Amino acid sequence: MARVKLRMYPPLYYRMSSQRAGVLALEQTISQGETLGELLRRLMEGHPAAWQDIVDAQTGQIRPLVMIFLNSRALSPSAAAQTPLADGDQIRFSVAYGGG
């Protein structure tokens with residue numbers, strides 16, 4: 001059975017955990033050929049409120065300020081949605097911050 005690891009950084013996981021600091025790590029089972037977009041849609045179906053900071057419930061699109069890394073490689077939200085996943089992949093979600 002193929003599995004991927006999801007790592008989320010604050011504040012993206014506040015709706016799914018009482019944890020307020022550090023990294024929230026989850027493991028998910030995936031189907032062969034499943035894309036990151038398909039995985040997120042499946043997770044949204046089960047717990048839409050928990051994932052609403054990552055995925056827009058109205059459009060199903062990954063929110064533009066969410067940075068996504070697959071195995072340390074940065075992906076745009078549109079590319080990430082189309083990217084097929086494989087056993088052992090590590091997916092990281094964080095918020096794009098700016099400033100100086």
# chains A, B, ... in the order shown; residues from 1 in each chain; ligands from 1

call {"tool": "select_by_dssp", "arguments": {"residues": "chain A", "states": "strand (DSSP E or B)", "output": "PyMOL selection string"}}
result
chain A and resi 2-8+24-30+35+55+62+66-70+73-75+84+90-95

call {"tool": "write_last_selection", "arguments": {"atoms": "N, CA and C atoms", "output": "compact mmCIF listing (two decimals), in the first residue's frame"}}
result
# COMPACT_ATOMS: atom_id res chain seq x y z
N ALA A 2 0.67 2.15 -0.93
CA ALA A 2 1.49 3.35 -1.06
C ALA A 2 1.05 4.41 -0.05
N ARG A 3 2.05 5.08 0.52
CA ARG A 3 1.78 6.12 1.52
C ARG A 3 2.64 7.34 1.24
N VAL A 4 2.10 8.50 1.59
CA VAL A 4 2.85 9.75 1.50
C VAL A 4 2.82 10.43 2.86
N LYS A 5 3.80 11.28 3.10
CA LYS A 5 3.86 12.05 4.34
C LYS A 5 3.53 13.50 4.02
N LEU A 6 2.62 14.06 4.80
CA LEU A 6 2.25 15.47 4.68
C LEU A 6 2.80 16.20 5.89
N ARG A 7 3.45 17.32 5.63
CA ARG A 7 3.96 18.16 6.72
C ARG A 7 3.39 19.55 6.52
N MET A 8 2.76 20.06 7.56
CA MET A 8 2.14 21.38 7.49
C MET A 8 2.71 22.28 8.56
N LEU A 24 3.10 19.91 11.87
CA LEU A 24 2.11 18.84 12.00
C LEU A 24 2.39 17.82 10.90
N ALA A 25 2.64 16.58 11.27
CA ALA A 25 2.96 15.53 10.31
C ALA A 25 1.81 14.52 10.25
N LEU A 26 1.39 14.19 9.04
CA LEU A 26 0.34 13.21 8.80
C LEU A 26 0.82 12.23 7.75
N GLU A 27 0.28 11.03 7.77
CA GLU A 27 0.53 10.06 6.70
C GLU A 27 -0.79 9.75 6.04
N GLN A 28 -0.77 9.60 4.72
CA GLN A 28 -1.98 9.28 3.98
C GLN A 28 -1.69 8.15 3.00
N THR A 29 -2.65 7.28 2.84
CA THR A 29 -2.57 6.23 1.84
C THR A 29 -3.01 6.83 0.51
N ILE A 30 -2.31 6.46 -0.55
CA ILE A 30 -2.67 6.95 -1.88
C ILE A 30 -2.89 5.77 -2.83
N THR A 35 -2.93 11.97 -8.08
CA THR A 35 -2.22 13.25 -8.09
C THR A 35 -2.41 13.94 -6.74
N VAL A 55 -6.99 24.59 0.56
CA VAL A 55 -7.77 24.45 -0.67
C VAL A 55 -9.03 25.30 -0.57
N ILE A 62 -5.90 24.91 -5.06
CA ILE A 62 -4.96 25.20 -3.98
C ILE A 62 -4.82 26.71 -3.89
N VAL A 66 -0.28 29.45 -0.64
CA VAL A 66 0.24 28.21 -0.08
C VAL A 66 1.44 27.76 -0.90
N MET A 67 2.55 27.59 -0.22
CA MET A 67 3.76 27.07 -0.86
C MET A 67 3.75 25.56 -0.70
N ILE A 68 4.04 24.85 -1.79
CA ILE A 68 4.02 23.39 -1.78
C ILE A 68 5.38 22.88 -2.23
N PHE A 69 5.89 21.94 -1.46
CA PHE A 69 7.16 21.31 -1.79
C PHE A 69 6.93 19.81 -1.85
N LEU A 70 7.36 19.20 -2.92
CA LEU A 70 7.29 17.75 -3.07
C LEU A 70 8.71 17.23 -3.08
N ARG A 73 11.25 19.89 -3.61
CA ARG A 73 11.16 20.66 -4.85
C ARG A 73 9.91 21.53 -4.81
N ALA A 74 10.09 22.84 -4.98
CA ALA A 74 8.97 23.77 -4.94
C ALA A 74 8.09 23.58 -6.17
N LEU A 75 6.77 23.61 -5.95
CA LEU A 75 5.80 23.49 -7.03
C LEU A 75 4.81 24.63 -6.94
N PRO A 84 1.62 13.68 -10.14
CA PRO A 84 1.35 12.34 -9.60
C PRO A 84 2.22 12.07 -8.38
N GLN A 90 7.20 13.01 0.13
CA GLN A 90 6.99 13.92 1.26
C GLN A 90 6.50 15.25 0.71
N ILE A 91 5.36 15.68 1.21
CA ILE A 91 4.71 16.90 0.74
C ILE A 91 4.68 17.88 1.90
N ARG A 92 5.16 19.09 1.63
CA ARG A 92 5.21 20.11 2.68
C ARG A 92 4.36 21.29 2.25
N PHE A 93 3.53 21.80 3.15
CA PHE A 93 2.68 22.95 2.92
C PHE A 93 3.08 24.05 3.90
N SER A 94 3.33 25.24 3.39
CA SER A 94 3.60 26.38 4.25
C SER A 94 3.01 27.62 3.60
N VAL A 95 3.00 28.72 4.33
CA VAL A 95 2.45 29.97 3.83
C VAL A 95 3.59 30.82 3.29

call {"tool": "select_by_dssp", "arguments": {"residues": "chain A", "states": "helix (DSSP H, G or I)", "output": "PyMOL selection string"}}
result
chain A and resi 36-46+48-51+77-82

call {"tool": "residues_around", "arguments": {"residues": "Gly60 (chain A)", "least_positions_apart": "5", "cutoff": "9 Å", "atoms": "only C-alpha atoms", "output": "NGL selection string"}}
result
:A and (37 or 40-41 or 44 or 55)

call {"tool": "closest_residue", "arguments": {"among": "A:Ala86, A:Ala81, A:Met1, A:Leu39", "to": "Pro64 (chain A)", "atoms": "only C-alpha atoms"}}
result
A:Ala81

call {"tool": "atom_distance", "arguments": {"atom1": "CA of Gly99 (chain A)", "atom2": "CA of Ala50 (chain A)"}}
result
27.5 Å

call {"tool": "closest_residue", "arguments": {"among": "A:Glu34, A:Met16, A:Ala96, A:Val23", "to": "Ala80 (chain A)", "atoms": "only C-alpha atoms"}}
result
A:Glu34

call {"tool": "residues_around", "arguments": {"residues": "Gly22 (chain A)", "least_positions_apart": "2", "cutoff": "8 Å", "atoms": "only C-alpha atoms", "output": "ChimeraX atom specification"}}
result
/A:9-10,19-20,24

call {"tool": "closest_residue", "arguments": {"among": "A:Asp53, A:Ala21, A:Asn71, A:Glu38", "to": "Asp89 (chain A)", "atoms": "only C-alpha atoms"}}
result
A:Asn71

call {"tool": "atom_distance", "arguments": {"atom1": "CA of Leu85 (chain A)", "atom2": "CA of Trp51 (chain A)"}}
result
18.9 Å

call {"tool": "atom_distance", "arguments": {"atom1": "CA of Gly98 (chain A)", "atom2": "CA of Leu65 (chain A)"}}
result
10.5 Å

call {"tool": "decode", "arguments": {"residues": "region 50-69 of chain A", "atoms": "C-alpha atoms", "output": "PDB file, in the first residue's frame"}}
result
ATOM      1  CA  ALA A  50      -9.809  21.347   8.274  1.00  0.00           C
ATOM      2  CA  TRP A  51      -8.391  21.880   4.787  1.00  0.00           C
ATOM      3  CA  GLN A  52      -9.968  25.226   3.870  1.00  0.00           C
ATOM      4  CA  ASP A  53      -6.764  27.176   4.507  1.00  0.00           C
ATOM      5  CA  ILE A  54      -4.990  25.069   1.879  1.00  0.00           C
ATOM      6  CA  VAL A  55      -7.768  24.445  -0.669  1.00  0.00           C
ATOM      7  CA  ASP A  56     -10.549  26.842  -1.678  1.00  0.00           C
ATOM      8  CA  ALA A  57     -13.766  24.864  -1.101  1.00  0.00           C
ATOM      9  CA  GLN A  58     -15.634  26.814  -3.799  1.00  0.00           C
ATOM     10  CA  THR A  59     -13.148  26.246  -6.628  1.00  0.00           C
ATOM     11  CA  GLY A  60     -11.245  23.188  -5.412  1.00  0.00           C
ATOM     12  CA  GLN A  61      -8.004  25.025  -6.219  1.00  0.00           C
ATOM     13  CA  ILE A  62      -4.963  25.197  -3.977  1.00  0.00           C
ATOM     14  CA  ARG A  63      -4.837  28.686  -2.490  1.00  0.00           C
ATOM     15  CA  PRO A  64      -2.242  30.972  -4.145  1.00  0.00           C
ATOM     16  CA  LEU A  65      -0.405  31.860  -0.916  1.00  0.00           C
ATOM     17  CA  VAL A  66       0.240  28.206  -0.076  1.00  0.00           C
ATOM     18  CA  MET A  67       3.762  27.066  -0.863  1.00  0.00           C
ATOM     19  CA  ILE A  68       4.021  23.394  -1.776  1.00  0.00           C
ATOM     20  CA  PHE A  69       7.157  21.306  -1.794  1.00  0.00           C
TER      21      PHE A  69
END
